[in-house]
Amino acid sequence: MPAPWTDSKVVDQTVALMKGIGQSPVVIKKEVNGFILNRLQYAVIMEAWRLVEVGHSEGRERRGILLH
């Protein structure tokens, strides 16, 4: 996340540099607590456990779904 005073050209150059070395940068618009990937991963894992708890899937099936 760029600081409020960061020139948009700097952000664009940084994104281009990252893409140039094979990365997939994401420019976020507002600061959030924690890393975005970790927050998404937590939500997916919690939903997977909920599906097991209510009987929609078994633990070993969940592992296969997450891997593929």
# chains A, B, ... in the order shown; residues from 1 in each chain; ligands from 1
$ select_by_dssp --residues "chain A" --states "alpha helix (DSSP H)" --output "MDAnalysis selection string"
chainID A and resid 8:20 36:53 59:67
$ atom_distance --atom1 "atom CA of A:Ser8" --atom2 "atom CA of A:Phe35"
22.2 Å
$ closest_residue --among "A:Ser57, A:Asn38, A:Thr6, A:Gln13" --to "A:Pro25" --atoms "only C-alpha atoms"
A:Gln13
$ atom_distance --atom1 "atom CA of A:Asp7" --atom2 "atom CA of A:Val26"
16.7 Å
$ atom_distance --atom1 "atom CA of A:Gly20" --atom2 "atom CA of A:Leu37"
21.6 Å
$ residues_around --residues "A:Val15" --least-positions-apart "4" --cutoff "10 Å" --atoms "only C-alpha atoms" --output "VMD selection string"
chain A and resid 9 to 11 19 to 20 23 to 27
